[in-house]
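What follows is the content of entry_13.cif, which has mmCIF, C-alpha atoms:
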```
data_data
#
loop_
_atom_site.label_atom_id
_atom_site.label_comp_id
_atom_site.auth_asym_id
_atom_site.auth_seq_id
_atom_site.Cartn_x
_atom_site.Cartn_y
_atom_site.Cartn_z
CA MET A 1 16.17 32.53 -41.25
CA THR A 2 19.15 34.14 -39.50
CA GLU A 3 22.17 32.68 -37.75
CA GLU A 4 21.42 34.93 -34.82
CA PHE A 5 18.08 33.17 -34.31
CA LEU A 6 19.73 29.76 -34.57
CA HIS A 7 22.27 30.83 -31.95
CA TYR A 8 19.38 31.90 -29.75
CA LEU A 9 17.68 28.50 -30.07
CA TRP A 10 20.88 26.67 -29.19
CA LYS A 11 21.93 28.99 -26.36
CA PHE A 12 18.61 28.78 -24.54
CA LYS A 13 17.91 25.09 -25.27
CA LEU A 14 14.75 25.81 -27.23
CA LEU A 15 14.99 22.81 -29.56
CA LYS A 16 12.12 20.37 -29.13
CA GLY A 17 11.39 16.71 -29.80
CA GLU A 18 13.83 13.88 -30.37
CA LEU A 19 17.04 15.17 -31.94
CA LEU A 20 18.71 12.99 -34.57
CA LEU A 21 21.92 13.55 -36.48
CA SER A 22 22.04 13.31 -40.26
CA ASN A 23 23.29 9.73 -39.90
CA GLY A 24 20.35 8.80 -37.66
CA ASP A 25 22.23 8.78 -34.32
CA LYS A 26 20.35 10.17 -31.34
CA ILE A 27 21.89 13.23 -29.71
CA GLU A 28 21.34 14.67 -26.23
CA ILE A 29 22.49 18.19 -25.32
CA ILE A 30 24.01 17.99 -21.84
CA HIS A 31 25.48 21.50 -21.95
CA GLN A 32 25.21 23.89 -24.89
CA GLY A 33 28.60 25.52 -24.20
CA THR A 34 29.65 29.17 -23.89
CA HIS A 35 28.55 31.58 -26.60
CA ASN A 36 31.55 33.06 -28.42
CA THR A 37 31.01 36.52 -29.89
CA ASP A 38 34.54 36.80 -31.30
CA ALA A 39 36.28 34.94 -34.13
CA GLY A 40 36.25 31.14 -34.01
CA PRO A 41 33.59 28.51 -33.28
CA ASP A 42 30.19 29.79 -32.13
CA PHE A 43 30.04 27.87 -28.84
CA PHE A 44 32.97 26.68 -26.75
CA ASN A 45 33.15 23.67 -24.40
CA ALA A 46 29.81 22.08 -25.17
CA LYS A 47 28.99 18.66 -23.76
CA LEU A 48 26.90 16.26 -25.86
CA LYS A 49 25.87 12.63 -25.74
CA ILE A 50 25.82 11.00 -29.17
CA GLY A 51 24.58 7.43 -29.00
CA ASP A 52 26.31 6.02 -25.91
CA THR A 53 29.34 8.32 -26.07
CA VAL A 54 29.75 11.68 -24.30
CA TRP A 55 31.65 14.29 -26.29
CA ALA A 56 33.18 17.58 -25.15
CA GLY A 57 34.21 20.30 -27.58
CA ASN A 58 33.01 23.18 -29.72
CA VAL A 59 29.86 23.73 -31.78
CA GLU A 60 29.49 25.66 -35.03
CA ILE A 61 26.13 26.91 -36.35
CA HIS A 62 25.12 27.83 -39.92
CA ILE A 63 21.92 28.35 -41.88
CA LYS A 64 23.08 25.96 -44.59
CA ALA A 65 25.61 23.19 -44.07
CA SER A 66 27.42 24.37 -47.21
CA ASP A 67 28.19 27.67 -45.42
CA TRP A 68 30.99 25.68 -43.77
CA TYR A 69 32.83 25.69 -47.09
CA LEU A 70 31.67 29.18 -48.02
CA HIS A 71 33.43 30.45 -44.87
CA GLN A 72 36.52 28.29 -45.56
CA HIS A 73 36.32 26.52 -42.19
CA GLN A 74 37.78 23.36 -43.74
CA ASN A 75 41.10 25.23 -43.99
CA ASP A 76 41.10 26.61 -40.45
CA MET A 77 42.65 24.54 -37.66
CA ALA A 78 40.43 26.32 -35.12
CA TYR A 79 37.48 24.35 -36.49
CA ASP A 80 39.09 20.92 -36.11
CA THR A 81 37.76 20.93 -32.54
CA ILE A 82 34.14 21.03 -33.71
CA ILE A 83 32.15 18.10 -32.33
CA LEU A 84 28.81 19.18 -33.83
CA HIS A 85 27.68 21.23 -36.80
CA VAL A 86 24.18 22.64 -36.20
CA VAL A 87 22.34 23.76 -39.35
CA TYR A 88 18.90 24.93 -40.36
CA GLN A 89 19.21 23.11 -43.67
CA ASN A 90 21.43 20.10 -44.30
CA ASP A 91 22.48 20.41 -47.94
CA VAL A 92 25.94 18.77 -47.76
CA ASP A 93 28.18 16.74 -45.48
CA VAL A 94 31.06 18.70 -43.96
CA MET A 95 34.52 17.38 -43.15
CA ARG A 96 37.59 18.34 -41.19
CA LYS A 97 40.96 18.87 -42.89
CA ASN A 98 41.67 15.14 -42.54
CA ASN A 99 38.41 14.37 -44.45
CA GLU A 100 36.67 13.05 -41.32
CA ILE A 101 32.91 13.76 -41.45
CA ILE A 102 31.68 16.07 -38.67
CA PRO A 103 28.42 15.08 -36.91
CA GLN A 104 25.63 17.29 -38.22
CA LEU A 105 22.25 18.25 -36.74
CA GLU A 106 19.50 19.76 -38.89
CA ILE A 107 16.99 21.76 -36.80
CA LYS A 108 14.57 22.98 -39.47
CA ASN A 109 11.67 21.15 -37.78
CA ALA A 110 12.98 21.17 -34.22
CA PHE A 111 11.61 24.45 -32.85
CA ASP A 112 8.30 26.28 -32.40
CA THR A 113 7.58 28.22 -35.61
CA ASN A 114 5.49 30.70 -33.60
CA LEU A 115 8.68 31.72 -31.85
CA PHE A 116 10.33 32.57 -35.15
CA SER A 117 7.22 34.47 -36.31
CA LYS A 118 7.31 36.59 -33.17
CA TYR A 119 11.02 37.22 -33.62
CA GLN A 120 10.41 38.33 -37.22
CA ASP A 121 7.74 40.73 -36.02
CA PHE A 122 10.19 42.20 -33.51
CA ILE A 123 12.91 42.91 -36.07
CA SER A 124 10.58 44.11 -38.84
CA ASN A 125 8.13 46.43 -37.03
CA LYS A 126 8.63 50.20 -37.00
CA ASN A 127 7.79 50.80 -33.34
CA TRP A 128 9.99 53.01 -31.14
CA ILE A 129 11.38 49.80 -29.66
CA PRO A 130 10.58 46.37 -31.16
CA CYS A 131 8.60 45.23 -28.09
CA GLU A 132 6.92 48.58 -27.42
CA LYS A 133 3.36 47.22 -27.41
CA ILE A 134 4.11 44.38 -25.00
CA PHE A 135 7.03 45.79 -22.99
CA LYS A 136 4.81 46.13 -19.92
CA ASN A 137 4.47 42.33 -19.85
CA THR A 138 8.16 41.88 -19.05
CA ASN A 139 8.94 39.95 -15.88
CA GLN A 140 9.93 42.71 -13.44
CA PHE A 141 12.66 40.69 -11.75
CA ILE A 142 14.26 39.89 -15.11
CA LEU A 143 14.00 43.56 -16.09
CA LYS A 144 15.65 44.72 -12.85
CA ILE A 145 18.61 42.35 -13.23
CA TRP A 146 19.00 43.24 -16.91
CA LEU A 147 19.04 46.99 -16.24
CA GLU A 148 21.74 46.51 -13.60
CA ARG A 149 23.84 44.64 -16.14
CA LEU A 150 23.23 47.29 -18.80
CA LEU A 151 24.33 50.05 -16.45
CA ILE A 152 27.62 48.29 -15.73
CA GLU A 153 28.07 47.70 -19.46
CA ARG A 154 27.55 51.41 -20.16
CA ILE A 155 29.94 52.59 -17.47
CA GLU A 156 32.64 50.09 -18.42
CA ARG A 157 32.50 51.30 -22.02
CA LYS A 158 33.09 54.85 -20.77
CA THR A 159 36.11 53.67 -18.81
CA LEU A 160 37.81 52.65 -22.06
CA GLU A 161 38.33 56.32 -22.94
CA ILE A 162 39.69 56.96 -19.45
CA LYS A 163 42.11 54.06 -19.79
CA ALA A 164 43.40 55.43 -23.10
CA LYS A 165 43.97 58.82 -21.45
CA PHE A 166 45.62 57.15 -18.46
CA ILE A 167 48.10 55.29 -20.67
CA SER A 168 48.90 58.38 -22.75
CA ASN A 169 49.48 60.34 -19.52
CA ASN A 170 52.00 57.81 -18.18
CA ASN A 171 49.55 56.45 -15.61
CA ASN A 172 48.81 59.85 -14.09
CA PHE A 173 45.36 59.80 -12.48
CA GLU A 174 45.17 63.56 -11.82
CA GLU A 175 46.06 64.54 -15.41
CA SER A 176 43.69 61.97 -16.89
CA PHE A 177 40.81 63.03 -14.66
CA TYR A 178 41.45 66.69 -15.47
CA GLN A 179 41.26 66.00 -19.22
CA ILE A 180 38.14 63.85 -19.02
CA LEU A 181 36.44 66.36 -16.73
CA ALA A 182 37.30 69.21 -19.11
CA LYS A 183 35.82 67.36 -22.07
CA ASN A 184 32.59 66.69 -20.20
CA PHE A 185 32.45 70.30 -19.02
CA GLY A 186 31.78 71.14 -22.65
CA PHE A 187 28.92 68.63 -22.78
CA LYS A 188 28.00 67.54 -26.30
CA LEU A 189 28.32 70.76 -28.25
CA ASN A 190 31.68 71.96 -26.90
CA ALA A 191 33.23 68.68 -25.79
CA LEU A 192 35.93 68.75 -28.50
CA PRO A 193 37.28 72.28 -27.92
CA PHE A 194 37.23 71.71 -24.15
CA GLU A 195 39.20 68.49 -24.63
CA LEU A 196 41.70 70.26 -26.90
CA LEU A 197 41.98 73.07 -24.35
CA ALA A 198 42.87 70.67 -21.52
CA ASN A 199 45.32 68.77 -23.72
CA SER A 200 47.07 72.04 -24.61
CA LEU A 201 47.37 73.16 -20.99
CA PRO A 202 49.04 70.49 -18.81
CA ILE A 203 48.10 70.31 -15.17
CA ASN A 204 51.71 70.93 -14.08
CA ILE A 205 51.49 74.45 -15.56
CA LEU A 206 48.21 75.08 -13.75
CA ALA A 207 49.80 73.92 -10.49
CA LYS A 208 52.32 76.78 -10.68
CA HIS A 209 49.42 79.27 -10.60
CA LYS A 210 47.10 77.41 -8.24
CA ASN A 211 46.90 80.41 -5.88
CA SER A 212 45.68 82.87 -8.52
CA ASP A 213 42.17 82.61 -9.93
CA PHE A 214 43.02 85.48 -12.29
CA GLN A 215 46.09 83.79 -13.78
CA LEU A 216 44.24 80.49 -14.17
CA SER A 217 41.43 82.33 -15.98
CA ALA A 218 43.99 84.04 -18.23
CA LEU A 219 45.56 80.68 -19.08
CA PHE A 220 42.26 79.00 -19.86
CA PHE A 221 40.72 81.83 -21.88
CA GLY A 222 43.98 82.48 -23.69
CA GLN A 223 44.54 78.84 -24.58
CA ALA A 224 40.89 78.67 -25.66
CA GLY A 225 41.70 81.25 -28.33
CA LEU A 226 39.10 83.67 -26.93
CA LEU A 227 41.35 86.58 -25.96
CA ASN A 228 42.47 89.43 -28.18
CA GLU A 229 43.63 93.04 -27.78
CA GLY A 230 40.42 94.60 -29.09
CA PHE A 231 38.36 94.34 -25.91
CA LYS A 232 36.89 97.53 -24.41
CA ASP A 233 36.33 96.17 -20.88
CA ALA A 234 39.19 96.26 -18.39
CA TYR A 235 38.82 92.64 -17.25
CA PRO A 236 39.31 90.90 -20.62
CA GLN A 237 42.04 93.44 -21.44
CA SER A 238 43.95 92.44 -18.31
CA LEU A 239 43.36 88.74 -19.04
CA TYR A 240 44.83 89.24 -22.50
CA ALA A 241 47.90 91.05 -21.16
CA GLU A 242 48.50 88.35 -18.54
CA TYR A 243 48.06 85.56 -21.05
CA GLU A 244 50.51 87.09 -23.50
CA PHE A 245 53.15 87.01 -20.76
CA LEU A 246 52.32 83.42 -19.72
CA LYS A 247 52.15 82.24 -23.33
CA LYS A 248 55.73 83.35 -23.93
CA LYS A 249 56.88 81.98 -20.59
CA TYR A 250 55.54 78.47 -21.26
CA HIS A 251 55.76 78.50 -25.09
CA LEU A 252 52.03 77.90 -25.38
CA THR A 253 50.00 77.63 -28.57
CA PRO A 254 46.27 78.37 -28.21
CA ILE A 255 43.59 76.33 -29.94
CA ALA A 256 41.43 77.92 -32.63
CA GLY A 257 38.78 80.16 -31.08
CA HIS A 258 36.29 79.43 -33.86
CA LEU A 259 35.88 75.88 -32.55
CA TRP A 260 33.68 77.10 -29.71
CA LYS A 261 29.95 76.99 -30.39
CA PHE A 262 27.55 79.58 -28.99
CA LEU A 263 24.53 79.07 -31.25
CA ARG A 264 21.56 77.07 -29.93
CA LEU A 265 22.91 77.31 -26.38
CA ARG A 266 21.31 79.02 -23.44
CA PRO A 267 23.51 81.95 -22.39
CA SER A 268 24.22 80.23 -19.05
CA ASN A 269 25.81 77.40 -21.07
CA PHE A 270 27.98 79.66 -23.25
CA PRO A 271 31.57 78.38 -23.43
CA THR A 272 32.77 81.65 -21.85
CA ILE A 273 30.72 80.88 -18.72
CA ARG A 274 31.80 77.22 -18.65
CA ILE A 275 35.48 78.11 -19.06
CA ALA A 276 35.27 80.68 -16.26
CA GLN A 277 33.57 78.12 -14.01
CA PHE A 278 36.13 75.47 -14.88
CA ALA A 279 38.99 77.85 -14.07
CA ASN A 280 37.39 78.58 -10.70
CA LEU A 281 36.94 74.87 -10.02
CA ILE A 282 40.64 74.25 -10.61
CA TYR A 283 41.45 77.23 -8.36
CA GLN A 284 39.13 76.14 -5.54
CA SER A 285 40.05 72.45 -5.56
CA LYS A 286 43.71 71.57 -5.41
CA HIS A 287 44.31 67.89 -6.19
CA LEU A 288 40.68 67.53 -7.24
CA PHE A 289 40.94 63.87 -8.22
CA SER A 290 42.31 62.91 -4.81
CA LYS A 291 39.41 64.71 -3.15
CA ILE A 292 36.93 62.93 -5.41
CA ILE A 293 38.40 59.55 -4.51
CA GLU A 294 38.27 60.36 -0.81
CA ALA A 295 34.64 61.55 -0.98
CA ASP A 296 32.43 58.86 0.53
CA ASP A 297 29.13 60.71 0.13
CA ILE A 298 27.57 62.61 -2.72
CA GLN A 299 27.11 65.81 -0.73
CA THR A 300 30.89 66.18 -0.60
CA ILE A 301 30.95 66.02 -4.40
CA TYR A 302 28.29 68.72 -4.63
CA GLN A 303 30.32 70.95 -2.30
CA LEU A 304 33.47 70.49 -4.38
CA PHE A 305 31.61 71.65 -7.50
CA GLN A 306 29.89 74.64 -5.93
CA VAL A 307 31.91 77.18 -7.88
CA SER A 308 31.04 80.16 -10.06
CA ALA A 309 32.43 82.23 -12.88
CA SER A 310 34.46 85.31 -11.91
CA SER A 311 32.48 88.37 -10.78
CA TYR A 312 32.93 89.95 -14.23
CA PHE A 313 30.39 87.44 -15.52
CA ASP A 314 27.81 88.44 -12.93
CA ASN A 315 26.53 90.82 -15.59
CA HIS A 316 28.11 89.27 -18.70
CA TYR A 317 27.68 86.08 -20.70
CA SER A 318 30.55 86.94 -23.03
CA PHE A 319 33.26 89.58 -23.17
CA ASN A 320 32.16 93.22 -23.69
CA GLU A 321 28.40 92.50 -23.78
CA SER A 322 26.89 93.50 -20.42
CA ILE A 323 23.47 92.40 -19.23
CA VAL A 324 21.02 93.12 -16.42
CA PRO A 325 20.08 92.00 -13.86
CA ILE A 326 23.29 91.08 -12.06
CA LYS A 327 23.42 87.36 -11.27
CA PRO A 328 26.38 85.16 -10.22
CA LYS A 329 26.98 82.35 -12.72
CA VAL A 330 27.17 79.34 -10.40
CA ILE A 331 27.19 75.71 -11.53
CA GLY A 332 23.67 74.33 -11.10
CA LYS A 333 22.86 71.05 -9.39
CA SER A 334 21.61 69.47 -12.62
CA THR A 335 24.94 70.29 -14.26
CA ILE A 336 26.85 68.74 -11.36
CA ASP A 337 24.63 65.65 -11.65
CA LEU A 338 25.64 65.24 -15.29
CA LEU A 339 29.31 65.60 -14.39
CA ILE A 340 28.90 62.93 -11.71
CA ILE A 341 27.16 60.60 -14.17
CA ASN A 342 29.56 61.07 -17.09
CA THR A 343 32.87 61.75 -15.35
CA ILE A 344 33.06 60.87 -11.68
CA VAL A 345 31.25 57.52 -11.73
CA PRO A 346 33.23 56.14 -14.74
CA MET A 347 36.43 57.43 -13.08
CA LEU A 348 35.54 55.61 -9.85
CA PHE A 349 34.97 52.42 -11.87
CA PHE A 350 38.31 52.82 -13.62
CA TYR A 351 40.11 53.53 -10.35
CA ALA A 352 38.44 50.45 -8.81
CA SER A 353 39.75 48.26 -11.63
CA GLU A 354 43.27 49.70 -11.42
CA LYS A 355 43.43 49.32 -7.65
CA ASP A 356 41.43 46.08 -7.57
CA ASP A 357 39.11 47.56 -4.95
CA LYS A 358 35.37 47.31 -5.60
CA VAL A 359 34.53 49.82 -2.87
CA TYR A 360 34.94 52.64 -5.43
CA GLN A 361 32.69 50.88 -7.93
CA GLU A 362 30.03 50.38 -5.28
CA ARG A 363 30.32 54.04 -4.31
CA GLY A 364 29.76 55.10 -7.90
CA LEU A 365 26.61 52.98 -8.16
CA ARG A 366 25.37 54.44 -4.89
CA PHE A 367 25.87 57.96 -6.26
CA LEU A 368 23.76 57.11 -9.31
CA GLU A 369 20.96 55.83 -7.11
CA GLN A 370 20.92 59.20 -5.32
CA ILE A 371 20.76 61.34 -8.46
CA LYS A 372 17.54 62.24 -10.22
CA PRO A 373 17.14 60.71 -13.70
CA GLU A 374 17.98 62.69 -16.81
CA TYR A 375 14.87 63.95 -18.53
CA ASN A 376 15.72 63.79 -22.22
CA SER A 377 13.62 62.63 -25.18
CA ILE A 378 14.54 58.96 -24.70
CA ILE A 379 13.67 58.89 -21.01
CA LYS A 380 10.39 60.73 -21.71
CA LYS A 381 9.49 58.00 -24.18
CA TRP A 382 10.28 55.22 -21.69
CA ILE A 383 7.97 56.94 -19.23
CA SER A 384 5.25 57.11 -21.88
CA ILE A 385 5.28 53.31 -22.24
CA SER A 386 4.68 52.87 -18.52
CA PHE A 387 8.21 52.68 -17.14
CA THR A 388 8.75 54.51 -13.85
CA VAL A 389 12.21 56.09 -13.85
CA GLU A 390 13.32 57.01 -10.34
CA SER A 391 17.08 57.60 -10.53
CA ALA A 392 20.07 58.09 -12.81
CA PHE A 393 20.88 54.44 -12.11
CA GLN A 394 17.77 53.50 -14.11
CA SER A 395 17.91 56.27 -16.72
CA GLN A 396 21.50 55.41 -17.66
CA ALA A 397 20.57 51.74 -18.06
CA LEU A 398 17.55 52.66 -20.18
CA LEU A 399 19.71 54.84 -22.45
CA GLU A 400 22.01 51.85 -22.94
CA LEU A 401 19.07 49.58 -23.69
CA LYS A 402 17.57 51.93 -26.26
CA ASN A 403 20.77 53.04 -28.00
CA ASN A 404 22.73 49.78 -28.09
CA TYR A 405 20.03 47.10 -28.16
CA CYS A 406 16.61 48.36 -29.28
CA ASN A 407 17.95 50.63 -32.04
CA HIS A 408 19.93 47.71 -33.47
CA LYS A 409 17.13 45.14 -33.04
CA LYS A 410 19.35 43.02 -30.78
CA CYS A 411 16.27 41.42 -29.24
CA LEU A 412 17.86 37.98 -28.99
CA GLN A 413 20.74 39.40 -26.95
CA CYS A 414 18.36 41.26 -24.65
CA SER A 415 16.87 39.72 -21.51
CA VAL A 416 13.64 41.64 -22.10
CA GLY A 417 13.42 40.33 -25.67
CA ASN A 418 14.13 36.78 -24.50
CA ASP A 419 11.48 36.96 -21.81
CA LEU A 420 8.81 38.33 -24.15
CA LEU A 421 9.63 35.94 -26.99
CA LYS A 422 9.05 32.98 -24.68
CA LYS A 423 5.58 34.24 -23.80
CA ILE A 424 3.78 32.80 -26.82
#
```
In structure tokens, what does this structure look like?
Amino acid sequence: MTEEFLHYLWKFKLLKGELLLSNGDKIEIIHQGTHNTDAGPDFFNAKLKIGDTVWAGNVEIHIKASDWYLHQHQNDMAYDTIILHVVYQNDVDVMRKNNEIIPQLEIKNAFDTNLFSKYQDFISNKNWIPCEKIFKNTNQFILKIWLERLLIERIERKTLEIKAKFISNNNNFEESFYQILAKNFGFKLNALPFELLANSLPINILAKHKNSDFQLSALFFGQAGLLNEGFKDAYPQSLYAEYEFLKKKYHLTPIAGHLWKFLRLRPSNFPTIRIAQFANLIYQSKHLFSKIIEADDIQTIYQLFQVSASSYFDNHYSFNESIVPIKPKVIGKSTIDLLIINTIVPMLFFYASEKDDKVYQERGLRFLEQIKPEYNSIIKKWISISFTVESAFQSQALLELKNNYCNHKKCLQCSVGNDLLKKI
């Protein structure tokens, strides 16, 4: 038996038959209370009828009654408000600090054992997700509502990083957006060096060179630690010379060049290409965050991100190594989609919370509905078990479901798990 399962029984009123306290009094659950996932009693503000008296207060749940003493609740004033102790096994009376006995309900024989057997199967099987074989039986309305909630949960978690940046940047939206965007420009493999690069190169310095794509490129490549005096091509040589001047002017210290990863990347995703594209984005879009906030349709976002690396990279993926054929290194639509998903939508949510204006949150959700779903290994697997994924709105929710619920066997906290467990 687990406390999590006992919480589930109480939360969803799945106890059956006549319920009697350890002293023989009849108890009726009027309202089970609000589930508390933090420290303190398990359920707040429950409403119970014991005998002829209606009680209002908190409920604590344990596997064994003696766990009350094991957890030292008798010494904690927070538990003096307990009006009912719910236990799987009643092995001892429990008392408040003033030695008053707390009403106790044993539920060992008060629920369907088939429900517990099914729950045990969920948490013990080795399937890709616990309910893989019966997932298709989920009520579609319940699934739709649950995925919407999961999407919001996922985005709001991403906004926590933005908030931390915002506070550290003295409530500067532009600087915070610039840093978050830079990090996500590196995607998974080069997220850290891109983040360090943006942190080392404040936006107020970039603003002084906003009219020169060349100087911006020199600043970014130089601060990235990717320039040196040994280049044979004229373009990187001139970047190096310009950066050396700007480095002294602004007292800059570059990050370590070895942090950038090239292995296992397609050449079009090399950090040299991404840095050049990022420099051009900053050059093309003055006050980028303000333009993002003003953009009411997704096509405007796509237009803002239609930038390319400098012409030098038309036949290069890195400095000195030329290639054929000549091809401009533009940012692809799929890359822009990922930037919208991981940067712009969370930023719109954060901005909505700071300005107390849900229009930005709604806009972000609308953008996700208009973007094609990611097609990674997790989404492929969802499709293989008969889920039709039509947009990034759904794929993001499914990633949240898999990574933060299914992987941790949190079936009792999942609306899908709850729905399927009840179908016995």
Take the point (30.5, 48.9, -11.1) as written in the file and pick out every residue within 9 Å of it, counting all atoms listed in the file; give the list as a list in words. Leu151, Ile152, Glu153, Ile155, Glu156, Val345, Pro346, Leu348, Phe349, Ala352, Lys358, Tyr360, Gln361, Glu362, Arg363, Gly364 and Leu365 of chain A
Can you work out the spacing between atom CA of Ala191 of chain A and atom CA of Lys158 of chain A in Å, to one decimal? 14.7 Å
Nearest to Gly186 of chain A, restricted to all atoms listed in the file and choosing among A:Ser200, A:Asn127, A:Asn342, A:Gln396, comes out as A:Asn342
Tell me, in Å to one decimal, how far atom CA of Gln74 of chain A is from atom CA of Val94 of chain A.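 Interatomic distance here is 8.2 Å.
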Residue contacts of Lys165 of chain A (9 Å, all atoms listed in the file) excluding same-chain residues fewer than 6 positions away, as an mmCIF file with C-alpha atoms, in the coordinates of the input:
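After the write, around-v4.cif holds the following:
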```cif
data_model
loop_
_atom_site.group_PDB
_atom_site.id
_atom_site.type_symbol
_atom_site.label_atom_id
_atom_site.label_comp_id
_atom_site.auth_asym_id
_atom_site.auth_seq_id
_atom_site.Cartn_x
_atom_site.Cartn_y
_atom_site.Cartn_z
ATOM 1 C CA ASN A 171 49.550 56.450 -15.610
ATOM 2 C CA ASN A 172 48.810 59.850 -14.090
ATOM 3 C CA GLU A 175 46.060 64.540 -15.410
ATOM 4 C CA SER A 176 43.690 61.970 -16.890
ATOM 5 C CA PHE A 177 40.810 63.030 -14.660
ATOM 6 C CA GLN A 179 41.260 66.000 -19.220
ATOM 7 C CA ILE A 180 38.140 63.850 -19.020
#
```
Skipping near chain neighbours, those fewer than 4 positions away, what residues fall within 10 Å of Lys11 of chain A using only C-alpha atoms, listed as a PyMOL selection string? chain A and resi 5-7+15+31-35+43
Residues in the PyMOL selection byres ((chain A and resi 57) around 8), expressed as a list in words: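 Going through the file, the PyMOL selection byres ((chain A and resi 57) around 8) ends up selecting Phe44, Asn45, Ala46, Lys47, Trp55, Ala56, Asn58, Val59, Thr81, Ile82 and Ile83 of chain A.
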Report the residues retrieved by the PyMOL selection byres ((chain A and resi 61-67) around 8) from the displayed file, expressed as a PyMOL selection string. chain A and resi 1-3+6-7+42+59-60+68-71+85-94
Quick check, in Å to one decimal: how far apart do atom CA of Gly230 of chain A and atom CA of Ile275 of chain A lie? 19.9 Å
Protein and nucleic acid residues near (35.0, 95.2, -29.0) (cut-off 9 Å, only C-alpha atoms) as a PyMOL selection string: chain A and resi 229-233+319-321
Name the closest residue to Tyr405 of chain A among the candidates A:Glu369, A:Ile129, A:Leu9, A:Lys118; distances are taken between atoms, counting only C-alpha atoms.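 Among the listed residues, the smallest separation from Tyr405 of chain A belongs to A:Ile129.
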Can you list, as a list in words, the residues that the PyMOL selection byres ((chain A and resi 379-385) around 10) selects here?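 After applying the PyMOL selection byres ((chain A and resi 379-385) around 10), what remains is Trp128, Ile129, Glu132, Lys133, Ile134, Phe135, Lys136, Pro373, Glu374, Tyr375, Asn376, Ser377, Ile378, Ser386, Phe387, Thr388, Val389, Gln394, Ser395, Gln396, Leu398, Leu399 and Lys402 of chain A.
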Minimum-distance residue to Arg96 of chain A, chosen among A:Phe393, A:Trp10, A:Tyr79, A:Tyr240 (using all atoms listed in the file): A:Tyr79
So that I can see what lies close to Phe220 of chain A, please list as a PyMOL selection string the residues with an atom at most 12 Å from it, counting only C-alpha atoms and leaving out residues fewer than 3 positions away in the same chain. chain A and resi 182+193-203+205-206+209+213-217+223-227+239-240+242-243+246-247+252-255+257+271-283
Counting all atoms listed in the file, which of A:Phe262, A:Tyr317, A:Asn125, A:Leu181 gets nearest to Ile340 of chain A? A:Leu181
